[in-house]
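Below: query_4.pdb (PDB, C-alpha atoms)
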ATOM      1  CA  MET A   2     -44.758  25.347 -68.012
ATOM      2  CA  LYS A   3     -42.153  27.014 -65.817
ATOM      3  CA  ILE A   4     -40.624  30.230 -67.171
ATOM      4  CA  ALA A   5     -37.810  32.347 -65.730
ATOM      5  CA  PHE A   6     -36.998  35.956 -66.572
ATOM      6  CA  VAL A   7     -33.389  36.919 -65.855
ATOM      7  CA  GLY A   8     -31.075  39.792 -66.746
ATOM      8  CA  LYS A   9     -28.870  42.433 -65.224
ATOM      9  CA  GLY A  10     -30.371  44.978 -62.865
ATOM     10  CA  GLY A  11     -32.253  47.642 -64.793
ATOM     11  CA  SER A  12     -32.551  45.558 -67.959
ATOM     12  CA  GLY A  13     -36.340  45.512 -67.734
ATOM     13  CA  LYS A  14     -36.815  41.866 -66.769
ATOM     14  CA  THR A  15     -39.532  42.679 -64.211
ATOM     15  CA  THR A  16     -41.386  44.802 -66.763
ATOM     16  CA  LEU A  17     -41.132  42.051 -69.387
ATOM     17  CA  SER A  18     -42.162  39.317 -66.955
ATOM     18  CA  SER A  19     -45.191  41.375 -65.863
ATOM     19  CA  LEU A  20     -46.190  41.967 -69.487
ATOM     20  CA  PHE A  21     -45.932  38.256 -70.179
ATOM     21  CA  VAL A  22     -48.057  37.475 -67.115
ATOM     22  CA  ARG A  23     -50.668  39.954 -68.370
ATOM     23  CA  HIS A  24     -50.545  38.387 -71.832
ATOM     24  CA  LEU A  25     -51.070  34.876 -70.446
ATOM     25  CA  ALA A  26     -53.934  36.063 -68.242
ATOM     26  CA  ALA A  27     -55.576  37.692 -71.260
ATOM     27  CA  THR A  28     -55.605  34.290 -72.991
ATOM     28  CA  GLY A  29     -57.464  32.803 -70.032
ATOM     29  CA  ALA A  30     -54.555  30.571 -68.983
ATOM     30  CA  PRO A  31     -54.001  29.738 -65.298
ATOM     31  CA  VAL A  32     -50.894  31.590 -64.066
ATOM     32  CA  VAL A  33     -48.804  31.599 -60.905
ATOM     33  CA  ALA A  34     -46.419  34.575 -60.824
ATOM     34  CA  ILE A  35     -43.485  34.532 -58.390
ATOM     35  CA  ASP A  36     -41.245  37.467 -57.476
ATOM     36  CA  ALA A  37     -37.878  35.928 -56.527
ATOM     37  CA  ASP A  38     -35.848  39.118 -56.943
ATOM     38  CA  ILE A  39     -34.167  40.908 -54.045
ATOM     39  CA  ASN A  40     -35.911  44.069 -55.262
ATOM     40  CA  GLN A  41     -39.605  43.234 -55.038
ATOM     41  CA  HIS A  42     -41.256  45.079 -57.924
ATOM     42  CA  LEU A  43     -43.398  42.472 -59.688
ATOM     43  CA  GLY A  44     -46.485  43.282 -57.623
ATOM     44  CA  ALA A  45     -46.296  46.944 -58.559
ATOM     45  CA  ALA A  46     -45.715  46.031 -62.214
ATOM     46  CA  LEU A  47     -48.926  43.993 -62.055
ATOM     47  CA  GLY A  48     -50.854  47.003 -60.788
ATOM     48  CA  LEU A  49     -50.715  46.742 -56.990
ATOM     49  CA  ASP A  50     -50.276  49.977 -55.080
ATOM     50  CA  GLU A  51     -47.499  50.381 -52.519
ATOM     51  CA  ALA A  52     -49.611  49.261 -49.562
ATOM     52  CA  GLU A  53     -50.991  46.226 -51.382
ATOM     53  CA  ALA A  54     -47.518  45.146 -52.493
ATOM     54  CA  ALA A  55     -46.128  45.573 -48.970
ATOM     55  CA  ALA A  56     -48.944  43.435 -47.550
ATOM     56  CA  LEU A  57     -48.107  40.407 -49.703
ATOM     57  CA  PRO A  58     -47.083  37.452 -47.487
ATOM     58  CA  ALA A  59     -43.415  36.465 -47.738
ATOM     59  CA  MET A  60     -42.889  32.828 -48.696
ATOM     60  CA  GLY A  61     -39.810  32.608 -46.473
ATOM     61  CA  GLU A  62     -41.892  33.424 -43.420
ATOM     62  CA  HIS A  63     -44.082  30.396 -44.145
ATOM     63  CA  LEU A  64     -41.243  27.951 -44.781
ATOM     64  CA  PRO A  65     -42.176  25.619 -41.862
ATOM     65  CA  LEU A  66     -45.723  25.326 -43.211
ATOM     66  CA  ILE A  67     -44.443  24.728 -46.758
ATOM     67  CA  LYS A  68     -42.078  21.982 -45.597
ATOM     68  CA  GLU A  69     -44.663  20.245 -43.443
ATOM     69  CA  TYR A  70     -47.242  20.250 -46.225
ATOM     70  CA  LEU A  71     -44.863  19.021 -48.934
ATOM     71  CA  ARG A  72     -43.406  16.314 -46.671
ATOM     72  CA  GLY A  73     -46.731  14.512 -46.657
ATOM     73  CA  SER A  74     -46.267  10.871 -45.695
ATOM     74  CA  ASN A  75     -42.839  10.476 -47.306
ATOM     75  CA  PRO A  76     -41.106   7.870 -45.091
ATOM     76  CA  ARG A  77     -37.702   9.332 -45.943
ATOM     77  CA  LEU A  78     -38.707  12.585 -44.234
ATOM     78  CA  PRO A  79     -39.686  11.711 -40.662
ATOM     79  CA  SER A  80     -39.393  15.390 -39.737
ATOM     80  CA  ALA A  81     -39.809  18.604 -41.708
ATOM     81  CA  ASP A  82     -36.934  20.048 -39.665
ATOM     82  CA  THR A  83     -34.405  18.175 -41.799
ATOM     83  CA  MET A  84     -35.812  19.403 -45.109
ATOM     84  CA  ILE A  85     -33.656  21.948 -46.937
ATOM     85  CA  LYS A  86     -34.347  24.032 -50.015
ATOM     86  CA  THR A  87     -33.224  21.233 -52.362
ATOM     87  CA  THR A  88     -35.029  18.322 -50.709
ATOM     88  CA  PRO A  89     -36.605  16.372 -53.568
ATOM     89  CA  PRO A  90     -40.048  14.760 -53.498
ATOM     90  CA  GLY A  91     -40.453  11.025 -53.146
ATOM     91  CA  GLU A  92     -43.154   8.446 -52.648
ATOM     92  CA  GLY A  93     -45.692   9.962 -50.260
ATOM     93  CA  SER A  94     -44.689  13.600 -50.802
ATOM     94  CA  ARG A  95     -47.411  16.118 -51.520
ATOM     95  CA  LEU A  96     -47.074  17.894 -54.855
ATOM     96  CA  LEU A  97     -48.249  21.314 -55.974
ATOM     97  CA  ARG A  98     -50.389  21.878 -59.045
ATOM     98  CA  VAL A  99     -51.109  25.163 -60.761
ATOM     99  CA  ARG A 100     -54.899  24.950 -60.782
ATOM    100  CA  GLU A 101     -55.530  23.572 -57.294
ATOM    101  CA  ASP A 102     -56.169  25.146 -53.913
ATOM    102  CA  ASN A 103     -53.859  24.047 -51.115
ATOM    103  CA  PRO A 104     -52.453  25.334 -47.791
ATOM    104  CA  VAL A 105     -49.291  26.675 -49.487
ATOM    105  CA  TYR A 106     -51.285  28.902 -51.815
ATOM    106  CA  ASP A 107     -53.619  29.855 -48.980
ATOM    107  CA  ALA A 108     -50.679  31.105 -46.925
ATOM    108  CA  CYS A 109     -48.391  32.533 -49.601
ATOM    109  CA  ALA A 110     -50.393  33.444 -52.721
ATOM    110  CA  ARG A 111     -52.745  36.333 -53.335
ATOM    111  CA  PRO A 112     -55.012  36.872 -56.361
ATOM    112  CA  VAL A 113     -54.235  39.856 -58.587
ATOM    113  CA  GLU A 114     -57.003  40.989 -60.911
ATOM    114  CA  LEU A 115     -55.843  41.815 -64.439
ATOM    115  CA  ASP A 116     -57.724  42.666 -67.619
ATOM    116  CA  GLY A 117     -57.973  39.046 -68.653
ATOM    117  CA  GLY A 118     -58.662  37.552 -65.228
ATOM    118  CA  ALA A 119     -56.882  36.824 -61.972
ATOM    119  CA  VAL A 120     -53.413  35.374 -61.463
ATOM    120  CA  ARG A 121     -51.842  34.064 -58.284
ATOM    121  CA  LEU A 122     -48.915  36.153 -57.059
ATOM    122  CA  MET A 123     -46.278  34.882 -54.628
ATOM    123  CA  VAL A 124     -43.212  36.739 -53.342
ATOM    124  CA  THR A 125     -40.065  35.679 -51.510
ATOM    125  CA  GLY A 126     -40.214  38.824 -49.393
ATOM    126  CA  PRO A 127     -37.839  41.797 -49.314
ATOM    127  CA  PHE A 128     -34.402  41.949 -47.713
ATOM    128  CA  THR A 129     -35.010  43.508 -44.302
ATOM    129  CA  ASP A 130     -32.914  45.491 -41.842
ATOM    130  CA  ALA A 131     -32.702  42.387 -39.651
ATOM    131  CA  ASP A 132     -30.984  40.531 -42.508
ATOM    132  CA  LEU A 133     -28.211  43.081 -43.013
ATOM    133  CA  GLY A 134     -24.784  41.642 -42.310
ATOM    134  CA  VAL A 135     -26.076  38.268 -41.111
ATOM    135  CA  ALA A 136     -28.159  36.682 -43.863
ATOM    136  CA  CYS A 137     -27.781  35.672 -47.492
ATOM    137  CA  TYR A 138     -30.680  36.659 -49.703
ATOM    138  CA  HIS A 139     -30.547  33.296 -51.414
ATOM    139  CA  SER A 140     -31.748  31.706 -48.181
ATOM    140  CA  LYS A 141     -35.014  33.574 -48.824
ATOM    141  CA  THR A 142     -35.420  32.017 -52.261
ATOM    142  CA  GLY A 143     -35.189  28.542 -50.718
ATOM    143  CA  ALA A 144     -38.978  28.457 -50.347
ATOM    144  CA  VAL A 145     -39.336  29.100 -54.091
ATOM    145  CA  GLU A 146     -36.871  26.349 -54.970
ATOM    146  CA  LEU A 147     -38.598  23.864 -52.662
ATOM    147  CA  CYS A 148     -41.978  24.649 -54.231
ATOM    148  CA  LEU A 149     -40.611  24.315 -57.773
ATOM    149  CA  ASN A 150     -39.111  20.935 -56.853
ATOM    150  CA  HIS A 151     -42.575  19.735 -55.838
ATOM    151  CA  LEU A 152     -44.524  21.392 -58.675
ATOM    152  CA  VAL A 153     -46.286  19.353 -61.327
ATOM    153  CA  ASP A 154     -47.405  21.627 -64.143
ATOM    154  CA  GLY A 155     -48.840  20.705 -67.486
ATOM    155  CA  ARG A 156     -49.491  22.081 -70.935
ATOM    156  CA  ASP A 157     -51.253  25.459 -70.924
ATOM    157  CA  GLU A 158     -50.428  26.001 -67.231
ATOM    158  CA  TYR A 159     -47.827  28.662 -66.489
ATOM    159  CA  VAL A 160     -45.524  29.563 -63.619
ATOM    160  CA  VAL A 161     -43.596  32.781 -64.316
ATOM    161  CA  VAL A 162     -40.662  33.617 -62.026
ATOM    162  CA  ASP A 163     -38.973  37.015 -61.947
ATOM    163  CA  MET A 164     -35.485  35.928 -60.867
ATOM    164  CA  THR A 165     -32.806  37.825 -58.965
ATOM    165  CA  ALA A 166     -30.602  40.032 -61.128
ATOM    166  CA  GLY A 167     -27.468  39.026 -62.990
ATOM    167  CA  SER A 168     -25.658  35.751 -62.416
ATOM    168  CA  ASP A 169     -26.809  35.578 -58.784
ATOM    169  CA  SER A 170     -29.372  33.039 -60.005
ATOM    170  CA  PHE A 171     -26.563  30.483 -59.994
ATOM    171  CA  ALA A 172     -26.149  30.599 -56.212
ATOM    172  CA  SER A 173     -28.577  27.658 -56.151
ATOM    173  CA  GLY A 174     -29.797  24.969 -58.510
ATOM    174  CA  MET A 175     -33.002  26.896 -59.152
ATOM    175  CA  PHE A 176     -31.752  27.964 -62.604
ATOM    176  CA  THR A 177     -32.384  24.381 -63.802
ATOM    177  CA  ARG A 178     -36.021  24.353 -62.642
ATOM    178  CA  PHE A 179     -37.469  25.949 -65.787
ATOM    179  CA  ASP A 180     -38.668  24.774 -69.170
ATOM    180  CA  ILE A 181     -37.336  27.980 -70.715
ATOM    181  CA  THR A 182     -35.367  30.978 -69.496
ATOM    182  CA  PHE A 183     -35.772  34.408 -71.078
ATOM    183  CA  LEU A 184     -32.727  36.605 -70.612
ATOM    184  CA  VAL A 185     -33.591  40.279 -71.037
ATOM    185  CA  ALA A 186     -30.643  42.152 -72.544
ATOM    186  CA  GLU A 187     -30.131  45.756 -73.526
ATOM    187  CA  PRO A 188     -28.104  46.472 -76.687
ATOM    188  CA  THR A 189     -24.946  47.402 -74.740
ATOM    189  CA  ARG A 190     -21.751  45.609 -73.729
ATOM    190  CA  LYS A 191     -22.955  45.409 -70.153
ATOM    191  CA  GLY A 192     -26.310  44.207 -71.365
ATOM    192  CA  VAL A 193     -24.877  41.190 -73.179
ATOM    193  CA  SER A 194     -22.178  40.400 -70.602
ATOM    194  CA  VAL A 195     -24.762  38.771 -68.343
ATOM    195  CA  TYR A 196     -25.939  36.723 -71.328
ATOM    196  CA  ARG A 197     -22.418  35.366 -71.914
ATOM    197  CA  GLN A 198     -21.997  34.539 -68.251
ATOM    198  CA  TYR A 199     -25.400  32.855 -68.032
ATOM    199  CA  LYS A 200     -24.778  30.900 -71.211
ATOM    200  CA  GLU A 201     -21.453  29.634 -69.877
ATOM    201  CA  TYR A 202     -22.803  28.600 -66.475
ATOM    202  CA  ALA A 203     -25.908  26.917 -67.905
ATOM    203  CA  ARG A 204     -24.084  25.107 -70.711
ATOM    204  CA  ASP A 205     -23.798  21.725 -68.987
ATOM    205  CA  PHE A 206     -27.330  21.625 -67.588
ATOM    206  CA  GLY A 207     -29.510  21.659 -70.694
ATOM    207  CA  VAL A 208     -30.994  25.071 -69.935
ATOM    208  CA  THR A 209     -33.119  26.410 -72.798
ATOM    209  CA  LEU A 210     -32.042  30.058 -73.010
ATOM    210  CA  ARG A 211     -33.529  32.680 -75.310
ATOM    211  CA  VAL A 212     -32.703  36.384 -75.378
ATOM    212  CA  VAL A 213     -35.258  39.175 -75.364
ATOM    213  CA  GLY A 214     -33.683  42.407 -76.569
ATOM    214  CA  ASN A 215     -35.087  45.355 -74.638
ATOM    215  CA  LYS A 216     -34.864  49.115 -75.216
ATOM    216  CA  VAL A 217     -34.025  48.522 -78.878
ATOM    217  CA  GLN A 218     -34.322  51.817 -80.740
ATOM    218  CA  GLY A 219     -33.191  51.097 -84.258
ATOM    219  CA  GLN A 220     -31.401  48.873 -86.754
ATOM    220  CA  ASP A 221     -27.993  49.514 -85.178
ATOM    221  CA  ASP A 222     -29.243  48.186 -81.806
ATOM    222  CA  LEU A 223     -30.763  45.168 -83.523
ATOM    223  CA  ASP A 224     -27.562  44.431 -85.473
ATOM    224  CA  PHE A 225     -25.527  44.714 -82.267
ATOM    225  CA  LEU A 226     -27.654  42.145 -80.470
ATOM    226  CA  ARG A 227     -27.641  39.784 -83.438
ATOM    227  CA  ASP A 228     -23.857  39.975 -83.606
ATOM    228  CA  GLU A 229     -23.460  39.380 -79.871
ATOM    229  CA  VAL A 230     -26.024  36.664 -79.113
ATOM    230  CA  GLY A 231     -26.670  35.107 -82.518
ATOM    231  CA  GLU A 232     -29.528  32.642 -82.863
ATOM    232  CA  ASP A 233     -30.381  32.902 -79.160
ATOM    233  CA  LEU A 234     -32.052  36.253 -79.910
ATOM    234  CA  LEU A 235     -35.782  35.558 -80.007
ATOM    235  CA  VAL A 236     -37.474  38.971 -80.132
ATOM    236  CA  THR A 237     -36.794  42.632 -79.410
ATOM    237  CA  VAL A 238     -38.900  45.213 -77.628
ATOM    238  CA  GLY A 239     -38.703  48.962 -78.060
ATOM    239  CA  HIS A 240     -40.230  52.020 -76.452
ATOM    240  CA  SER A 241     -43.749  51.592 -75.099
ATOM    241  CA  ASP A 242     -46.140  54.379 -74.161
ATOM    242  CA  TRP A 243     -48.287  51.677 -72.530
ATOM    243  CA  VAL A 244     -45.397  50.661 -70.240
ATOM    244  CA  ARG A 245     -44.643  54.298 -69.425
ATOM    245  CA  ALA A 246     -48.271  54.786 -68.329
ATOM    246  CA  MET A 247     -48.114  51.549 -66.322
ATOM    247  CA  GLU A 248     -44.974  52.734 -64.524
ATOM    248  CA  LYS A 249     -46.871  55.874 -63.539
ATOM    249  CA  GLY A 250     -49.592  53.693 -62.034
ATOM    250  CA  ARG A 251     -52.104  54.417 -64.790
ATOM    251  CA  PRO A 252     -52.005  51.418 -67.145
ATOM    252  CA  PRO A 253     -54.474  51.511 -70.034
ATOM    253  CA  ARG A 254     -56.428  48.392 -70.925
ATOM    254  CA  PHE A 255     -53.961  45.689 -71.904
ATOM    255  CA  GLU A 256     -55.556  45.335 -75.337
ATOM    256  CA  LEU A 257     -54.146  48.801 -76.115
ATOM    257  CA  LEU A 258     -50.533  47.609 -75.840
ATOM    258  CA  GLU A 259     -48.634  48.470 -79.018
ATOM    259  CA  GLU A 260     -49.054  45.829 -81.720
ATOM    260  CA  ALA A 261     -45.301  45.338 -82.132
ATOM    261  CA  ASN A 262     -44.914  44.583 -78.430
ATOM    262  CA  GLY A 263     -47.987  42.358 -78.538
ATOM    263  CA  ARG A 264     -46.330  40.340 -81.319
ATOM    264  CA  ALA A 265     -43.221  39.998 -79.176
ATOM    265  CA  LEU A 266     -45.271  38.568 -76.297
ATOM    266  CA  ARG A 267     -46.983  36.137 -78.640
ATOM    267  CA  ALA A 268     -43.543  35.009 -79.831
ATOM    268  CA  LEU A 269     -42.528  34.358 -76.214
ATOM    269  CA  HIS A 270     -45.732  32.380 -75.695
ATOM    270  CA  LYS A 271     -45.033  30.291 -78.783
ATOM    271  CA  ALA A 272     -41.488  29.558 -77.604
ATOM    272  CA  VAL A 273     -42.768  28.510 -74.178
ATOM    273  CA  ASP A 274     -45.333  26.120 -75.625
ATOM    274  CA  ALA A 275     -42.711  24.637 -77.966
ATOM    275  CA  ALA A 276     -40.504  23.924 -74.942
ATOM    276  CA  TYR A 277     -43.222  21.614 -73.609
ATOM    277  CA  GLU A 278     -42.482  19.167 -76.406
ATOM    278  CA  ARG A 279     -38.859  18.903 -75.199
ATOM    279  CA  ARG A 280     -39.761  18.392 -71.537
ATOM    280  CA  ASP A 281     -37.766  15.599 -69.877
ATOM    281  CA  TRP A 282     -39.055  14.801 -66.387
ATOM    282  CA  ALA A 283     -36.335  12.205 -65.792
ATOM    283  CA  ARG A 284     -33.558  14.733 -66.404
ATOM    284  CA  TYR A 285     -35.441  17.297 -64.325
ATOM    285  CA  THR A 286     -35.536  14.854 -61.406
ATOM    286  CA  GLU A 287     -31.875  13.899 -61.865
ATOM    287  CA  GLN A 288     -30.817  17.550 -61.703
ATOM    288  CA  MET A 289     -32.942  18.047 -58.603
ATOM    289  CA  VAL A 290     -31.136  15.153 -56.902
ATOM    290  CA  HIS A 291     -27.740  16.350 -58.157
ATOM    291  CA  PHE A 292     -28.061  19.750 -56.504
ATOM    292  CA  HIS A 293     -29.573  18.256 -53.366
ATOM    293  CA  LEU A 294     -26.577  15.984 -52.872
ATOM    294  CA  ARG A 295     -24.190  18.887 -53.505
ATOM    295  CA  ASN A 296     -25.968  21.035 -50.933
ATOM    296  CA  ALA A 297     -26.075  18.141 -48.481
ATOM    297  CA  ARG A 298     -22.303  17.648 -48.673
ATOM    298  CA  SER A 299     -21.551  21.366 -48.673
ATOM    299  CA  TRP A 300     -23.605  22.472 -45.666
ATOM    300  CA  GLY A 301     -26.859  20.559 -45.225
ATOM    301  CA  ASN A 302     -25.529  17.480 -43.413
ATOM    302  CA  GLU A 303     -23.605  19.591 -40.936
ATOM    303  CA  ARG A 304     -26.483  21.963 -40.306
ATOM    304  CA  THR A 305     -29.128  19.274 -39.766
ATOM    305  CA  GLY A 306     -26.948  16.580 -38.232
ATOM    306  CA  GLU A 307     -28.379  14.094 -40.724
ATOM    307  CA  ASP A 308     -27.180  12.348 -43.871
ATOM    308  CA  LEU A 309     -29.481  14.130 -46.309
ATOM    309  CA  ALA A 310     -28.596  11.732 -49.109
ATOM    310  CA  ALA A 311     -31.083   9.402 -47.407
ATOM    311  CA  GLN A 312     -33.873  11.779 -48.447
ATOM    312  CA  VAL A 313     -33.455  10.750 -52.098
ATOM    313  CA  ASP A 314     -35.992   8.197 -53.336
ATOM    314  CA  PRO A 315     -34.066   6.403 -56.133
ATOM    315  CA  ASP A 316     -37.246   5.062 -57.750
ATOM    316  CA  PHE A 317     -39.165   8.351 -57.854
ATOM    317  CA  VAL A 318     -39.473  10.398 -61.051
ATOM    318  CA  LEU A 319     -41.553  13.579 -60.964
ATOM    319  CA  GLY A 320     -44.087  13.832 -63.779
ATOM    320  CA  GLU A 321     -47.601  14.789 -64.730
ATOM    321  CA  GLU A 322     -48.860  11.270 -64.148
ATOM    322  CA  VAL A 323     -47.575  11.157 -60.566
ATOM    323  CA  THR A 324     -50.255  11.211 -57.889
ATOM    324  CA  ALA A 325     -49.762  12.381 -54.339
ATOM    325  CA  PRO A 326     -51.613  11.752 -51.081
ATOM    326  CA  ALA A 327     -54.436  14.114 -50.199
TER
END
Written as structure tokens, that's how I'd like the structure from this file.
Amino acid sequence: MKIAFVGKGGSGKTTLSSLFVRHLAATGAPVVAIDADINQHLGAALGLDEAEAAALPAMGEHLPLIKEYLRGSNPRLPSADTMIKTTPPGEGSRLLRVREDNPVYDACARPVELDGGAVRLMVTGPFTDADLGVACYHSKTGAVELCLNHLVDGRDEYVVVDMTAGSDSFASGMFTRFDITFLVAEPTRKGVSVYRQYKEYARDFGVTLRVVGNKVQGQDDLDFLRDEVGEDLLVTVGHSDWVRAMEKGRPPRFELLEEANGRALRALHKAVDAAYERRDWARYTEQMVHFHLRNARSWGNERTGEDLAAQVDPDFVLGEEVTAPA
């Protein structure tokens, strides 16, 4: 199951995504956590110190390796140099699976020990001084999008992505790569404005969007969110002494998280598992191809000097039953 956490900057989406990762780990589920935000804080929220977080390998720096591995023996991809962030898999492509070991995980993922076990953590990498004025941050998230396009995940397997803030997620087709998207919203006008924008943009793409109300302090906050987002409101989260201790670098055992917040995480888990029953691999593949062709026409063909529409395998549908070459 692929899960995205989105929201405006400061809404608490990284905190909520890290809590959900901890919750999943405590159940014994296999988890891959990905920090795709321009502000790289997921590692720290999962308990890494500053030096450990800074030492995490950036996925963007390993993009040539990722492309070459995923290309496999796909005859439509004679060279990894012509692969772009939206290149879809086809017959002969290598696919990624949550539970396996592979060169992509070896290069880009690091284990993080939590109360309930270890999770794999991957990061896009921070925006550097060398990028200022010359690079778009969304080029860094291309490695994440390429991996999600080639990921085959099943029931009780979880990939949790902390997305970039606000509506910037729509700068690529990555917003369609998830079984469910949790939008973290504060009970303020600014807090719900991102929800309205996200809802509007995602309307035509079948995105399953649920709202997590954060920093809710009383009935008035709850009523405000219910009035503004309606039935999309799934759960609310209030003040947490456990989170405050975690933000100071001294998290208690996860089992000591407040019961109300534990119930909220269990509600998220239930919603994620319910989304599995609505999974449509054919539509997922169609959307992948749709955004690839748009990117090809917009900039990809010119940049590579190739007609990237030829990379599309019309008979290929990604799915759990698909096998890939070793």
Skip Arg267 of chain A itself and residues of its chain fewer than 6 positions away, then list as a ChimeraX atom specification all residues within 12 Å of it, counting all atoms listed in the file.
-> /A:20-25,27-28,235-236,260-261,273-274
Atom CA of Glu158 of chain A and atom CA of Arg284 of chain A are how many Å apart?
-> 20.3 Å
Residues picked by the PyMOL selection byres ((chain A and resi 195) around 12) here, as a ChimeraX atom specification?
-> /A:7-10,12,166-171,184-194,196-203,212,229-230
How far is it from atom CA of Thr177 of chain A to atom CA of Pro65 of chain A, in Å with one decimal?
-> 24.1 Å
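Across the model, the gap from atom CA of Asp157 of chain A to atom CA of Arg111 of chain A is 20.7 Å.
Between Thr87 of chain A and the residues A:Gly263, A:Gly219, A:Gly143, A:Gly239, the shortest atom-to-atom distance, using all atoms listed in the file, involves A:Gly143.
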For Arg178 of chain A: contacts at 12 Å, all atoms listed in the file, fewer than 3 positions along chain excluded, given as a JSON list (two decimals) with C-alpha atoms, in the coordinates of the input:
[["chain", "number", "residue", "atom", "x", "y", "z"],
["A", 2, "MET", "CA", -44.76, 25.35, -68.01],
["A", 3, "LYS", "CA", -42.15, 27.01, -65.82],
["A", 4, "ILE", "CA", -40.62, 30.23, -67.17],
["A", 5, "ALA", "CA", -37.81, 32.35, -65.73],
["A", 87, "THR", "CA", -33.22, 21.23, -52.36],
["A", 145, "VAL", "CA", -39.34, 29.10, -54.09],
["A", 146, "GLU", "CA", -36.87, 26.35, -54.97],
["A", 147, "LEU", "CA", -38.60, 23.86, -52.66],
["A", 148, "CYS", "CA", -41.98, 24.65, -54.23],
["A", 149, "LEU", "CA", -40.61, 24.32, -57.77],
["A", 150, "ASN", "CA", -39.11, 20.94, -56.85],
["A", 151, "HIS", "CA", -42.58, 19.74, -55.84],
["A", 152, "LEU", "CA", -44.52, 21.39, -58.68],
["A", 153, "VAL", "CA", -46.29, 19.35, -61.33],
["A", 154, "ASP", "CA", -47.40, 21.63, -64.14],
["A", 160, "VAL", "CA", -45.52, 29.56, -63.62],
["A", 161, "VAL", "CA", -43.60, 32.78, -64.32],
["A", 162, "VAL", "CA", -40.66, 33.62, -62.03],
["A", 164, "MET", "CA", -35.48, 35.93, -60.87],
["A", 170, "SER", "CA", -29.37, 33.04, -60.00],
["A", 171, "PHE", "CA", -26.56, 30.48, -59.99],
["A", 173, "SER", "CA", -28.58, 27.66, -56.15],
["A", 174, "GLY", "CA", -29.80, 24.97, -58.51],
["A", 175, "MET", "CA", -33.00, 26.90, -59.15],
["A", 181, "ILE", "CA", -37.34, 27.98, -70.72],
["A", 182, "THR", "CA", -35.37, 30.98, -69.50],
["A", 203, "ALA", "CA", -25.91, 26.92, -67.90],
["A", 206, "PHE", "CA", -27.33, 21.62, -67.59],
["A", 207, "GLY", "CA", -29.51, 21.66, -70.69],
["A", 208, "VAL", "CA", -30.99, 25.07, -69.94],
["A", 209, "THR", "CA", -33.12, 26.41, -72.80],
["A", 280, "ARG", "CA", -39.76, 18.39, -71.54],
["A", 281, "ASP", "CA", -37.77, 15.60, -69.88],
["A", 282, "TRP", "CA", -39.06, 14.80, -66.39],
["A", 284, "ARG", "CA", -33.56, 14.73, -66.40],
["A", 285, "TYR", "CA", -35.44, 17.30, -64.32],
["A", 286, "THR", "CA", -35.54, 14.85, -61.41],
["A", 287, "GLU", "CA", -31.88, 13.90, -61.86],
["A", 288, "GLN", "CA", -30.82, 17.55, -61.70],
["A", 289, "MET", "CA", -32.94, 18.05, -58.60],
["A", 290, "VAL", "CA", -31.14, 15.15, -56.90],
["A", 292, "PHE", "CA", -28.06, 19.75, -56.50]]
Please provide the set of residues having any atom within 10 Å of Ala108 of chain A, restricted to all atoms listed in the file, with same-chain residues fewer than 2 positions apart removed, written as a PyMOL selection string.
-> chain A and resi 58-60+62-63+66-67+103-106+110-111+123
Please write out, as AutoDock Vina command-line options, where the centre of an axis-aligned box around all listed atoms of segment 289-296 of chain A lies and how long its edges are, in Å to one decimal, after adding 6 Å on each side.
--center_x -28.6 --center_y 18.1 --center_z -54.8 --size_x 20.8 --size_y 17.9 --size_z 19.7
Compute the distance from (-58.8, 45.0, -64.6) to each atom, counting only C-alpha atoms, keep the residues with any atom at most 10 Å away, and return them as a ChimeraX atom specification; use the coordinates of the file.
-> /A:48,113-119,252-255
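Residue membership of the PyMOL selection byres ((chain A and resi 40) around 9) in the shown file amounts to Asp36, Ala37, Asp38, Ile39, Gln41, His42, Leu43, Gly126, Pro127, Phe128, Thr165 and Ala166 of chain A.
Residues captured in this structure file are Phe6, Gly13, Lys14, Thr15, Thr16, Ser18, Ser19, Leu20, Phe21, Val22, Val185, Val213, Asn215 and Leu266 of chain A, according to the PyMOL selection byres ((chain A and resi 17) around 9).
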Based on the selection just made, write C-alpha atoms of those residues as an mmCIF file, in the frame of the given file.
data_model
loop_
_atom_site.group_PDB
_atom_site.id
_atom_site.type_symbol
_atom_site.label_atom_id
_atom_site.label_comp_id
_atom_site.auth_asym_id
_atom_site.auth_seq_id
_atom_site.Cartn_x
_atom_site.Cartn_y
_atom_site.Cartn_z
ATOM 1 C CA PHE A 6 -36.998 35.956 -66.572
ATOM 2 C CA GLY A 13 -36.340 45.512 -67.734
ATOM 3 C CA LYS A 14 -36.815 41.866 -66.769
ATOM 4 C CA THR A 15 -39.532 42.679 -64.211
ATOM 5 C CA THR A 16 -41.386 44.802 -66.763
ATOM 6 C CA SER A 18 -42.162 39.317 -66.955
ATOM 7 C CA SER A 19 -45.191 41.375 -65.863
ATOM 8 C CA LEU A 20 -46.190 41.967 -69.487
ATOM 9 C CA PHE A 21 -45.932 38.256 -70.179
ATOM 10 C CA VAL A 22 -48.057 37.475 -67.115
ATOM 11 C CA VAL A 185 -33.591 40.279 -71.037
ATOM 12 C CA VAL A 213 -35.258 39.175 -75.364
ATOM 13 C CA ASN A 215 -35.087 45.355 -74.638
ATOM 14 C CA LEU A 266 -45.271 38.568 -76.297
#
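Among the candidate residues A:Arg121, A:Lys68, A:Leu97, A:Ala46, the one lying nearest to Thr83 of chain A is A:Lys68, with distances computed using all atoms listed in the file.
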Take the point (-52.4, 28.8, -66.1) in the file's coordinates, draw a sphere of radius 7 Å around it, and report as a count of residues only every protein, DNA or RNA residue with an atom inside or on it, counting all atoms listed in the file.
-> 8
For His291 of chain A, the closest of A:Cys109, A:Ala310, A:Ala276, A:Leu257 counting all atoms listed in the file is A:Ala310
Skip Arg77 of chain A itself and residues of its chain fewer than 6 positions away, then list as a count of residues only all residues within 10 Å of it, counting all atoms listed in the file.
-> 11
